[in-house]
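I have placed the structure first, in the form of structure tokens, so that the comments after it can refer back to it.
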Amino acid sequence: MNIFDPPLNKIKHADWPFLLVHLIVYAVSIIAAALLLDQTAETAAFFILTVFLLLFSLSHFYRAFKEESEHLQYKIQAISEIQKLLPLRLPLRPMTGWAATPELAVTVLRQIIFNKPQTIVELGSGITTLINGYGLEKYNPSGKLISLDHDKDYAEITRKELNQHGLGTYIDLHVAPLIDTDLDGEQFKWYDLSDFPEDAKIDLLIVDGPPVSTVKFARYPALPLLADHLSENCKIIIHDTNREEESGIVSRWLEEFPEYTADIRQTDKGIAILSR
């Protein structure tokens, strides 16, 4: 094995609750058997519980490995589609970590190809900004992207990359600091919209910010605050819906704006597409 290969026995964060719960149940069962059973029955119970725990754990990790393999195949397919469909002039940054996933990038690209949105607004700049730029250049050159980023330094990195890729013509990148925002008594830190075009009619809204660490349900204000700017056939894409917070946001949106329906995509991090 190459020393740079990831360890095969690495346990993911998502697996720890499963392991801890079952180890606690296992330990309690062993203690109960020791207190309530004679030595022969205790030995039999210990053997049965141990075998059951091992088989149950192996089954869990097999399902997790299978699911991860499917997600990996989807990522490879998405990256391949991006490379084939876009005239990339320079390499893109890795779509890992906090960056947009390949699944999100190709979801955005498909919207541009099939629906030809004239005005796209994205919350949080980065890889999707470049994907939008290339998609507009090739498939909808009359369209425009308005990108909002609260982080001045990160916005400058994105702006530099846009210039390097020659995509500045299609994109208005704005630094929009997070400000205190009140929505029906709930307090949020959300983008300052003082420079947002008042006459903008959004055909595609991409919600991948602000960071979830700001406040609870940090991305919820996107639909209530931009509702008056959304065109009749607007599509809304929200990322990270495998997280409880983002899935809760989608549920709140659907309850408060019943004219929308959601298409939930079971990707690595989760994607929902809202339509009306």
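Here's how to read the names in the structure tokens: chain A, B, ... by the order shown, residue numbers from 1 in each chain, ligand numbers from 1 in the order shown.
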(request) Run DSSP on the backbone and give me the residues of segment 49-230 of chain A it puts in strand (DSSP E), as a PyMOL selection string. (result) chain A and resi 119-123+144-149+171-175+178-183+186-191+202-207+230
Show me, as a PDB file with C-alpha atoms, in the first residue's frame, the residues that have an atom within 9 Å of Glu81 of chain A when counting only C-alpha atoms, minus same-chain residues fewer than 5 positions from it.
ATOM      1  CA  ILE A  76     -17.021  10.293 -10.997  1.00  0.00           C
ATOM      2  CA  LEU A  86     -17.846  22.572 -20.502  1.00  0.00           C
ATOM      3  CA  VAL A 106     -23.588  19.155 -12.404  1.00  0.00           C
TER       4      VAL A 106
END
Write out as a Markdown table a residue-level contact list of segment 176-245 of chain A versus segment 142-166 of chain A with cut-off 12 Å: for each qualifying residue the closest pair of atoms and the distance in Å to one decimal, counting only C-alpha atoms, rows sorted by chain and residue number upward.
| residue | atom | partner | partner_atom | distance |
| --- | --- | --- | --- | --- |
| A:Ala176 | CA | A:His150 | CA | 4.8 |
| A:Pro177 | CA | A:His150 | CA | 4.3 |
| A:Leu178 | CA | A:His150 | CA | 5.9 |
| A:Ile179 | CA | A:His150 | CA | 9.5 |
| A:Lys189 | CA | A:His150 | CA | 10.3 |
| A:Trp190 | CA | A:His150 | CA | 8.7 |
| A:Tyr191 | CA | A:His150 | CA | 6.7 |
| A:Asp192 | CA | A:His150 | CA | 8.5 |
| A:Leu193 | CA | A:Leu148 | CA | 9.2 |
| A:Ser194 | CA | A:Leu148 | CA | 11.8 |
| A:Asp195 | CA | A:Leu148 | CA | 10.3 |
| A:Phe196 | CA | A:Ile146 | CA | 8.8 |
| A:Pro197 | CA | A:Ile146 | CA | 9.4 |
| A:Ala200 | CA | A:Ile146 | CA | 9.6 |
| A:Lys201 | CA | A:Lys144 | CA | 11.1 |
| A:Ile202 | CA | A:Ile146 | CA | 9.4 |
| A:Asp203 | CA | A:Gly143 | CA | 9.9 |
| A:Leu204 | CA | A:Leu145 | CA | 9.3 |
| A:Leu205 | CA | A:Ile146 | CA | 9.7 |
| A:Ile206 | CA | A:Ser147 | CA | 9.4 |
| A:Val207 | CA | A:Leu148 | CA | 10.3 |
| A:Asp208 | CA | A:Asp149 | CA | 10.2 |
| A:Gly209 | CA | A:Asp149 | CA | 8.1 |
| A:Pro210 | CA | A:His150 | CA | 7.5 |
| A:Pro211 | CA | A:His150 | CA | 9.5 |
| A:Thr214 | CA | A:His150 | CA | 11.6 |
| A:Ala222 | CA | A:Leu148 | CA | 11.7 |
(request) Determine, counting only C-alpha atoms, which protein, DNA and RNA residues have an atom within 9 Å of an atom of Gln77 of chain A; residues of the same chain fewer than 5 positions away are not included. Present the result as a ChimeraX atom specification. (result) /A:72,82,102-103
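Atom pair atom CA of Gln83 of chain A / atom CA of Gly126 of chain A: separated by 17.3 Å.
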(message) List the spatial neighbours of Asp240 of chain A as an NGL selection string - criterion: any atom at most 9 Å away, only C-alpha atoms, same-chain residues fewer than 4 positions off excluded.
(response) :A and (208 or 245-247 or 268-272)
What does the file look like for those residues with N, CA and C atoms, as a PDB file, in the first residue's frame?
ATOM      1  N   ASP A 208     -26.093  27.891  -1.036  1.00  0.00           N
ATOM      2  CA  ASP A 208     -24.973  27.131  -0.469  1.00  0.00           C
ATOM      3  C   ASP A 208     -24.250  27.988   0.572  1.00  0.00           C
ATOM      4  N   GLU A 245     -30.373  20.178   9.762  1.00  0.00           N
ATOM      5  CA  GLU A 245     -30.736  21.588   9.711  1.00  0.00           C
ATOM      6  C   GLU A 245     -31.264  21.979   8.332  1.00  0.00           C
ATOM      7  N   GLU A 246     -30.542  21.567   7.261  1.00  0.00           N
ATOM      8  CA  GLU A 246     -30.980  21.916   5.911  1.00  0.00           C
ATOM      9  C   GLU A 246     -32.274  21.205   5.530  1.00  0.00           C
ATOM     10  N   SER A 247     -32.434  19.953   5.951  1.00  0.00           N
ATOM     11  CA  SER A 247     -33.691  19.262   5.662  1.00  0.00           C
ATOM     12  C   SER A 247     -34.851  19.949   6.393  1.00  0.00           C
ATOM     13  N   ASP A 268     -24.153  12.465  -1.876  1.00  0.00           N
ATOM     14  CA  ASP A 268     -23.277  12.354  -0.720  1.00  0.00           C
ATOM     15  C   ASP A 268     -23.691  13.324   0.394  1.00  0.00           C
ATOM     16  N   LYS A 269     -23.922  14.606   0.036  1.00  0.00           N
ATOM     17  CA  LYS A 269     -24.317  15.607   1.021  1.00  0.00           C
ATOM     18  C   LYS A 269     -25.802  15.968   0.930  1.00  0.00           C
ATOM     19  N   GLY A 270     -26.446  15.561  -0.153  1.00  0.00           N
ATOM     20  CA  GLY A 270     -27.858  15.839  -0.301  1.00  0.00           C
ATOM     21  C   GLY A 270     -28.137  17.124  -1.044  1.00  0.00           C
ATOM     22  N   ILE A 271     -29.065  17.078  -1.989  1.00  0.00           N
ATOM     23  CA  ILE A 271     -29.467  18.240  -2.776  1.00  0.00           C
ATOM     24  C   ILE A 271     -30.988  18.229  -2.909  1.00  0.00           C
ATOM     25  N   ALA A 272     -31.605  19.389  -2.777  1.00  0.00           N
ATOM     26  CA  ALA A 272     -33.044  19.517  -3.031  1.00  0.00           C
ATOM     27  C   ALA A 272     -33.253  20.602  -4.077  1.00  0.00           C
TER      28      ALA A 272
END
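You will find atom CA of Ile236 of chain A at 4.9 Å from atom CA of Leu274 of chain A.
Distances from A:Glu70, A:Ser125, A:Thr181, A:Ala99 to Gln266 of chain A were compared using only C-alpha atoms, and the smallest one belongs to A:Glu70.
Using only C-alpha atoms for every distance, the candidate list A:Pro117, A:His239, A:Ala27, A:Ala34 yields A:His239 as the residue closest to Thr101 of chain A.
Take the candidates A:Leu136, A:Leu123, A:Leu37, A:Val51 and check each one against Leu85 of chain A using only C-alpha atoms; the shortest distance goes to A:Leu136.
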(request) Point out the residue among A:Pro94, A:Pro141, A:Pro221, A:Gly248 with the least atom-to-atom distance to Lys116 of chain A, counting only C-alpha atoms. (result) A:Pro141
(request) From a DSSP pass on the backbone, collect the residues of segment 77-269 of chain A flagged as alpha helix (DSSP H) and hand them back as number ranges by chain. (result) A: 77-85, 102-115, 127-139, 152-165, 222-226, 244-256
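Going from atom CA of Phe188 of chain A to atom CA of Asn242 of chain A covers 21.6 Å.
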